[in-house]
Amino acid sequence: MFLFVGLGNPGAEYARHRHNIGFMAMEAIADKHGFSNWKEKSKGLVSEGRLGTDKVILLKPQTFMNLSGESVQPLAAFYKIPLDDIFIFHDELDLAEAVLKVKKGGGSAGHNGLKSITGRFGSPDYYRVRMGIGHPGSKARVNGHVLGNFKDEDHDWLDPLLDLVAKRTSDLLNKPNDFVAKITQEMKEIKNV
């Protein structure tokens, strides 16, 4: 069993924020693979389904970003899911828009959702699916960028990226490097069209 967590902030006013790209990824995966309806559990919204033969739990914490660990860790404990089988999908300032990277462990790079999750587990040894949202260019503009809505023109890359993440999710479970390589190649092809 695997746990996929999309980070974001609850509430309609935050739905289109760059910080909520993790929520958007969970919704795309649930829709693409016919997962169950979202239900409240462990201070979050949970949807269940299968990717091939693997059972997967999707979680959108409803605790606000800074307290994400309060939702993630108890749910993982309830289902007895080890850190090796947890994937956190989140926005990444240090990656250009539409760039995707996967890594296991490491620091939070100032991401408060990751800080909260690592604090609750006492270890950073889970997978991170880092979804690039680009950097605004100066530190003073970071909060407004992260907590700002995606612009209409961003959907030229955002919608295909979310679709590919959902389409290629099975690769993530088996070969994370293939997951990244395939999406990177397909995004290059989409941008050249």
# chains A, B, ... in the order shown; residues from 1 in each chain; ligands from 1
>>> select_by_dssp(residues="chain A", states="helix (DSSP H, G or I)", output="ChimeraX atom specification")
/A:12-14,18-33,65-67,69-79,83-85,112-121,139-146,152-167,169-174,176-192
>>> select_by_dssp(residues="range 69-191 of chain A", states="strand (DSSP E or B)", output="PyMOL selection string")
chain A and resi 86-92+100-104+127-132+149
>>> write_last_selection(atoms="N, CA and C atoms", output="mmCIF file, in the first residue's frame")
data_model
loop_
_atom_site.group_PDB
_atom_site.id
_atom_site.type_symbol
_atom_site.label_atom_id
_atom_site.label_comp_id
_atom_site.auth_asym_id
_atom_site.auth_seq_id
_atom_site.Cartn_x
_atom_site.Cartn_y
_atom_site.Cartn_z
ATOM 1 N N ILE A 86 5.724 6.450 1.020
ATOM 2 C CA ILE A 86 5.010 7.725 1.087
ATOM 3 C C ILE A 86 5.616 8.696 0.079
ATOM 4 N N PHE A 87 4.747 9.315 -0.728
ATOM 5 C CA PHE A 87 5.151 10.282 -1.745
ATOM 6 C C PHE A 87 4.421 11.596 -1.477
ATOM 7 N N ILE A 88 5.177 12.658 -1.267
ATOM 8 C CA ILE A 88 4.600 13.974 -1.004
ATOM 9 C C ILE A 88 4.739 14.825 -2.265
ATOM 10 N N PHE A 89 3.630 15.286 -2.821
ATOM 11 C CA PHE A 89 3.611 16.127 -4.014
ATOM 12 C C PHE A 89 3.502 17.583 -3.555
ATOM 13 N N HIS A 90 4.457 18.415 -3.971
ATOM 14 C CA HIS A 90 4.437 19.800 -3.485
ATOM 15 C C HIS A 90 5.026 20.767 -4.507
ATOM 16 N N ASP A 91 4.728 22.045 -4.307
ATOM 17 C CA ASP A 91 5.272 23.114 -5.137
ATOM 18 C C ASP A 91 6.756 23.287 -4.824
ATOM 19 N N GLU A 92 7.525 23.665 -5.846
ATOM 20 C CA GLU A 92 8.965 23.850 -5.677
ATOM 21 C C GLU A 92 9.405 25.131 -6.374
ATOM 22 N N LEU A 100 9.801 18.810 -13.233
ATOM 23 C CA LEU A 100 9.428 17.851 -12.196
ATOM 24 C C LEU A 100 10.665 17.083 -11.770
ATOM 25 N N LYS A 101 10.832 16.891 -10.482
ATOM 26 C CA LYS A 101 11.934 16.082 -9.943
ATOM 27 C C LYS A 101 11.383 15.232 -8.810
ATOM 28 N N VAL A 102 11.988 14.072 -8.605
ATOM 29 C CA VAL A 102 11.634 13.210 -7.480
ATOM 30 C C VAL A 102 12.899 12.948 -6.692
ATOM 31 N N LYS A 103 12.814 13.070 -5.387
ATOM 32 C CA LYS A 103 13.951 12.709 -4.547
ATOM 33 C C LYS A 103 13.442 12.108 -3.251
ATOM 34 N N LYS A 104 14.323 11.365 -2.611
ATOM 35 C CA LYS A 104 13.981 10.778 -1.314
ATOM 36 C C LYS A 104 14.840 11.443 -0.254
ATOM 37 N N TYR A 127 9.529 10.116 -0.001
ATOM 38 C CA TYR A 127 9.748 10.649 -1.347
ATOM 39 C C TYR A 127 9.055 11.996 -1.493
ATOM 40 N N ARG A 128 9.689 12.878 -2.255
ATOM 41 C CA ARG A 128 9.091 14.168 -2.583
ATOM 42 C C ARG A 128 8.966 14.261 -4.096
ATOM 43 N N VAL A 129 7.786 14.568 -4.574
ATOM 44 C CA VAL A 129 7.569 14.850 -5.989
ATOM 45 C C VAL A 129 7.524 16.374 -6.071
ATOM 46 N N ARG A 130 8.638 16.937 -6.510
ATOM 47 C CA ARG A 130 8.838 18.383 -6.518
ATOM 48 C C ARG A 130 8.325 18.938 -7.850
ATOM 49 N N MET A 131 7.301 19.760 -7.781
ATOM 50 C CA MET A 131 6.637 20.281 -8.972
ATOM 51 C C MET A 131 6.971 21.769 -9.116
ATOM 52 N N GLY A 132 7.769 22.075 -10.147
ATOM 53 C CA GLY A 132 8.267 23.434 -10.315
ATOM 54 C C GLY A 132 7.193 24.459 -10.604
ATOM 55 N N ASN A 149 -2.501 33.183 -7.379
ATOM 56 C CA ASN A 149 -3.157 32.255 -8.308
ATOM 57 C C ASN A 149 -2.293 31.999 -9.533
#
>>> residues_around(residues="range 8-13 of chain A", least_positions_apart="4", cutoff="12 Å", atoms="only C-alpha atoms", output="number ranges by chain")
A: 17-27, 43-45, 59-68, 88-91, 111-114, 146-149
>>> write_last_selection(atoms="C-alpha atoms", output="PDB file, in the first residue's frame")
ATOM      1  CA  HIS A  17      -2.764  29.152  -5.697  1.00  0.00           C
ATOM      2  CA  ARG A  18       0.632  27.888  -6.844  1.00  0.00           C
ATOM      3  CA  HIS A  19       1.050  26.504  -3.312  1.00  0.00           C
ATOM      4  CA  ASN A  20      -1.871  24.145  -4.048  1.00  0.00           C
ATOM      5  CA  ILE A  21      -0.322  22.293  -6.984  1.00  0.00           C
ATOM      6  CA  GLY A  22      -0.105  19.208  -4.732  1.00  0.00           C
ATOM      7  CA  PHE A  23      -3.889  19.223  -4.232  1.00  0.00           C
ATOM      8  CA  MET A  24      -4.306  19.619  -7.992  1.00  0.00           C
ATOM      9  CA  ALA A  25      -2.101  16.573  -8.608  1.00  0.00           C
ATOM     10  CA  MET A  26      -4.167  14.434  -6.207  1.00  0.00           C
ATOM     11  CA  GLU A  27      -7.390  15.469  -7.950  1.00  0.00           C
ATOM     12  CA  LYS A  43      -7.771  15.930   9.369  1.00  0.00           C
ATOM     13  CA  GLY A  44      -7.804  15.535   5.611  1.00  0.00           C
ATOM     14  CA  LEU A  45      -9.684  14.387   2.542  1.00  0.00           C
ATOM     15  CA  LEU A  59      -4.548  12.520   0.945  1.00  0.00           C
ATOM     16  CA  LYS A  60      -5.205  16.257   0.807  1.00  0.00           C
ATOM     17  CA  PRO A  61      -4.504  17.553   4.353  1.00  0.00           C
ATOM     18  CA  GLN A  62      -7.075  20.094   5.513  1.00  0.00           C
ATOM     19  CA  THR A  63      -4.904  21.488   8.327  1.00  0.00           C
ATOM     20  CA  PHE A  64      -3.311  24.304   6.307  1.00  0.00           C
ATOM     21  CA  MET A  65       0.182  23.852   4.921  1.00  0.00           C
ATOM     22  CA  ASN A  66       2.189  24.612   8.079  1.00  0.00           C
ATOM     23  CA  LEU A  67       0.475  21.775   9.982  1.00  0.00           C
ATOM     24  CA  SER A  68       0.384  19.116   7.237  1.00  0.00           C
ATOM     25  CA  ILE A  88       4.600  13.974  -1.004  1.00  0.00           C
ATOM     26  CA  PHE A  89       3.611  16.127  -4.014  1.00  0.00           C
ATOM     27  CA  HIS A  90       4.437  19.800  -3.485  1.00  0.00           C
ATOM     28  CA  ASP A  91       5.272  23.114  -5.137  1.00  0.00           C
ATOM     29  CA  HIS A 111       8.873  24.531   2.682  1.00  0.00           C
ATOM     30  CA  ASN A 112       6.709  24.617   5.811  1.00  0.00           C
ATOM     31  CA  GLY A 113       4.568  21.656   4.763  1.00  0.00           C
ATOM     32  CA  LEU A 114       7.659  19.452   4.504  1.00  0.00           C
ATOM     33  CA  VAL A 146       3.575  31.156  -3.915  1.00  0.00           C
ATOM     34  CA  LEU A 147       0.290  32.388  -2.472  1.00  0.00           C
ATOM     35  CA  GLY A 148      -0.859  33.878  -5.768  1.00  0.00           C
ATOM     36  CA  ASN A 149      -3.157  32.255  -8.308  1.00  0.00           C
TER      37      ASN A 149
END
>>> residues_around(residues="Asn174 in chain A", least_positions_apart="6", cutoff="12 Å", atoms="only C-alpha atoms", output="PDB file with C-alpha atoms, in the first residue's frame")
ATOM      1  CA  PHE A   2       1.215   3.478  -0.866  1.00  0.00           C
ATOM      2  CA  LEU A  51      -2.683   1.670  -9.701  1.00  0.00           C
ATOM      3  CA  GLY A  52      -2.310  -1.713 -11.334  1.00  0.00           C
ATOM      4  CA  THR A  53      -2.225  -4.193  -8.462  1.00  0.00           C
ATOM      5  CA  ASP A  54      -1.057  -1.612  -5.904  1.00  0.00           C
ATOM      6  CA  ASP A  85       5.996   4.078   0.542  1.00  0.00           C
ATOM      7  CA  ARG A 168       2.428   8.203 -15.428  1.00  0.00           C
ATOM      8  CA  VAL A 180      10.546  11.954 -14.319  1.00  0.00           C
TER       9      VAL A 180
END
>>> residues_around(residues="Val56 in chain A", least_positions_apart="6", cutoff="10 Å", atoms="only C-alpha atoms", output="PDB file with N, CA and C atoms, in the first residue's frame")
ATOM      1  N   MET A   1       0.845  -1.186   0.000  1.00  0.00           N
ATOM      2  CA  MET A   1       0.000   0.000   0.000  1.00  0.00           C
ATOM      3  C   MET A   1       0.887   1.244   0.000  1.00  0.00           C
ATOM      4  N   PHE A   2       0.463   2.237  -0.758  1.00  0.00           N
ATOM      5  CA  PHE A   2       1.215   3.478  -0.866  1.00  0.00           C
ATOM      6  C   PHE A   2       0.341   4.658  -0.438  1.00  0.00           C
ATOM      7  N   LEU A   3       0.982   5.704   0.058  1.00  0.00           N
ATOM      8  CA  LEU A   3       0.303   6.935   0.425  1.00  0.00           C
ATOM      9  C   LEU A   3       0.860   8.065  -0.432  1.00  0.00           C
ATOM     10  N   PHE A   4      -0.033   8.708  -1.201  1.00  0.00           N
ATOM     11  CA  PHE A   4       0.307   9.899  -1.961  1.00  0.00           C
ATOM     12  C   PHE A   4      -0.338  11.083  -1.250  1.00  0.00           C
ATOM     13  N   PHE A  35     -10.596   6.747  -8.750  1.00  0.00           N
ATOM     14  CA  PHE A  35     -10.521   6.517  -7.308  1.00  0.00           C
ATOM     15  C   PHE A  35     -11.873   6.843  -6.656  1.00  0.00           C
ATOM     16  N   SER A  47      -8.988   9.669  -0.632  1.00  0.00           N
ATOM     17  CA  SER A  47      -9.574   8.919  -1.731  1.00  0.00           C
ATOM     18  C   SER A  47      -8.733   7.658  -1.915  1.00  0.00           C
ATOM     19  N   GLU A  48      -9.391   6.531  -2.196  1.00  0.00           N
ATOM     20  CA  GLU A  48      -8.678   5.263  -2.325  1.00  0.00           C
ATOM     21  C   GLU A  48      -8.881   4.663  -3.702  1.00  0.00           C
ATOM     22  N   GLY A  49      -7.869   3.940  -4.156  1.00  0.00           N
ATOM     23  CA  GLY A  49      -7.965   3.275  -5.448  1.00  0.00           C
ATOM     24  C   GLY A  49      -6.771   2.383  -5.691  1.00  0.00           C
ATOM     25  N   ARG A  50      -6.640   1.969  -6.943  1.00  0.00           N
ATOM     26  CA  ARG A  50      -5.531   1.081  -7.319  1.00  0.00           C
ATOM     27  C   ARG A  50      -4.819   1.634  -8.545  1.00  0.00           C
ATOM     28  N   ASP A  85       7.175   4.178   1.410  1.00  0.00           N
ATOM     29  CA  ASP A  85       5.996   4.078   0.542  1.00  0.00           C
ATOM     30  C   ASP A  85       5.127   5.341   0.574  1.00  0.00           C
ATOM     31  N   ILE A  86       5.724   6.450   1.020  1.00  0.00           N
ATOM     32  CA  ILE A  86       5.010   7.725   1.087  1.00  0.00           C
ATOM     33  C   ILE A  86       5.616   8.696   0.079  1.00  0.00           C
ATOM     34  N   LEU A 173       5.705   4.520  -8.819  1.00  0.00           N
ATOM     35  CA  LEU A 173       5.812   3.447  -7.826  1.00  0.00           C
ATOM     36  C   LEU A 173       6.948   2.482  -8.141  1.00  0.00           C
TER      37      LEU A 173
END
>>> residues_around(residues="Thr169 in chain A", least_positions_apart="2", cutoff="8 Å", atoms="only C-alpha atoms", output="list in words")
Ile29, Leu51, Val165, Ala166, Lys167, Asp171, Leu172, Leu173 and Phe179 of chain A
>>> closest_atom_pairs(of="range 94-151 of chain A", to="range 73-80 of chain A", cutoff="9 Å", atoms="only C-alpha atoms", output="Markdown table")
| residue | atom | partner | partner_atom | distance |
| --- | --- | --- | --- | --- |
| A:Ile117 | CA | A:Gln73 | CA | 7.0 |
| A:Arg120 | CA | A:Gln73 | CA | 6.3 |
| A:Phe121 | CA | A:Gln73 | CA | 6.3 |
>>> write_last_selection(atoms="C-alpha atoms", output="CSV table (one decimal), in the first residue's frame")
chain,number,residue,atom,x,y,z
A,117,ILE,CA,5.7,16.3,8.0
A,120,ARG,CA,5.9,14.5,13.0
A,121,PHE,CA,7.8,11.5,11.5
>>> closest_residue(among="A:Tyr126, A:Glu189, A:Ile81, A:Val99", to="Leu158 in chain A", atoms="only C-alpha atoms")
A:Val99
>>> atom_distance(atom1="CA of Ile133 in chain A", atom2="CA of His145 in chain A")
9.0 Å
